[in-house]
Amino acid sequence: MAKRDTRQLIADAFVAEVRETSLSRVRIADLIEQLGINRNTYYYHFSSKHETALWVFRHALAQRLSQALPADQLVSAPFSKRISQPLPYYTHVEIGARTLDASVFTKMLLACVRDDADFYRKLFTIREPEFLETVGRLYYPPLVEDVKFILDGRYMPPETLHMVASLGVRHLLSSIEFFLQNLRMADELLDERVNPFGNALQESLCELIQAHPINRYVKRA
């Protein structure tokens, strides 16, 4: 069996187990026994169940983003040392001077989790802080780059930059959690004619930075 087929086989069994129980309750030993593989085979592909969950999420999102936007508007990165193929996970769409449009990213992200809501509800929950932290670490760097792009060379203290990017990560995670809790409104939330707020984070960042230019401040001894 090809490496990719084995990886997908593990991922499919993992998703089924999470749907039935939860991420915390899934045991790698049970997956290995169920699939009839050894521990080395599992750990050749994934270092942990949290990495397995992240791969399922990133692989599904990468497929949607690749179909929605050209490669030069995608932010991609290898998944891990084992899986070196770059996977798109974010976007960089410039629509003007110091202006970004992440609405397609938002729509693809929410559509991705809607495709398997029973699975993603078990991941994007306060009961799985380790997974949320993993996703947060994934999105923090590109959100820092978003802020720097909007600043366009203007100064922002590193502490403020960290705060703004961290709040952006929280906005992203909260959007997913809200969407999964309100799937009855999914069609409306994914329709830009009804919900024109897909780019709310970038628009608010741009307006705030434009309205509040920051000068260098030297601390007094």
# chains A, B, ... in the order shown; residues from 1 in each chain; ligands from 1
>>> select_by_dssp(residues="region 85-203 of chain A", states="strand (DSSP E or B)", output="number ranges by chain")
A: 86-91, 94-96, 99-100
>>> residues_around(residues="Leu190 (chain A)", least_positions_apart="3", cutoff="9 Å", atoms="only C-alpha atoms", output="list in words")
Thr106, Lys107, Met108, Leu110, Ala111, Met185, Ala186, Asp187, Arg193, Val194, Asn195 and Gly198 of chain A
>>> write_last_selection(atoms="C-alpha atoms", output="PDB file, in the first residue's frame")
ATOM      1  CA  THR A 106     -13.224  32.782   5.617  1.00  0.00           C
ATOM      2  CA  LYS A 107     -15.837  31.243   3.348  1.00  0.00           C
ATOM      3  CA  MET A 108     -13.657  28.239   2.468  1.00  0.00           C
ATOM      4  CA  LEU A 110     -16.332  27.689   7.281  1.00  0.00           C
ATOM      5  CA  ALA A 111     -17.432  25.514   4.354  1.00  0.00           C
ATOM      6  CA  MET A 185     -27.826  29.482   9.632  1.00  0.00           C
ATOM      7  CA  ALA A 186     -24.947  28.055   7.566  1.00  0.00           C
ATOM      8  CA  ASP A 187     -26.347  28.925   4.139  1.00  0.00           C
ATOM      9  CA  ARG A 193     -25.214  38.843  -0.096  1.00  0.00           C
ATOM     10  CA  VAL A 194     -26.691  38.091   3.330  1.00  0.00           C
ATOM     11  CA  ASN A 195     -23.512  38.151   5.408  1.00  0.00           C
ATOM     12  CA  GLY A 198     -16.357  37.764   5.766  1.00  0.00           C
TER      13      GLY A 198
END
>>> select_by_dssp(residues="region 102-200 of chain A", states="helix (DSSP H, G or I)", output="ChimeraX atom specification")
/A:103-115,117-120,129-151,158-181,183-189,200
>>> atom_distance(atom1="CA of Leu65 (chain A)", atom2="CA of Val113 (chain A)")
13.1 Å
>>> closest_residue(among="A:Phe79, A:Tyr140, A:Phe179, A:Tyr90", to="Ser66 (chain A)", atoms="only C-alpha atoms")
A:Tyr90
>>> residues_around(residues="Gln34 (chain A)", least_positions_apart="4", cutoff="10 Å", atoms="only C-alpha atoms", output="list in words")
Ile10, Ala13, Ile28, Ala29 and Asp30 of chain A
>>> closest_residue(among="A:Ile32, A:Leu132, A:Val56, A:Leu100", to="Glu145 (chain A)", atoms="only C-alpha atoms")
A:Leu100
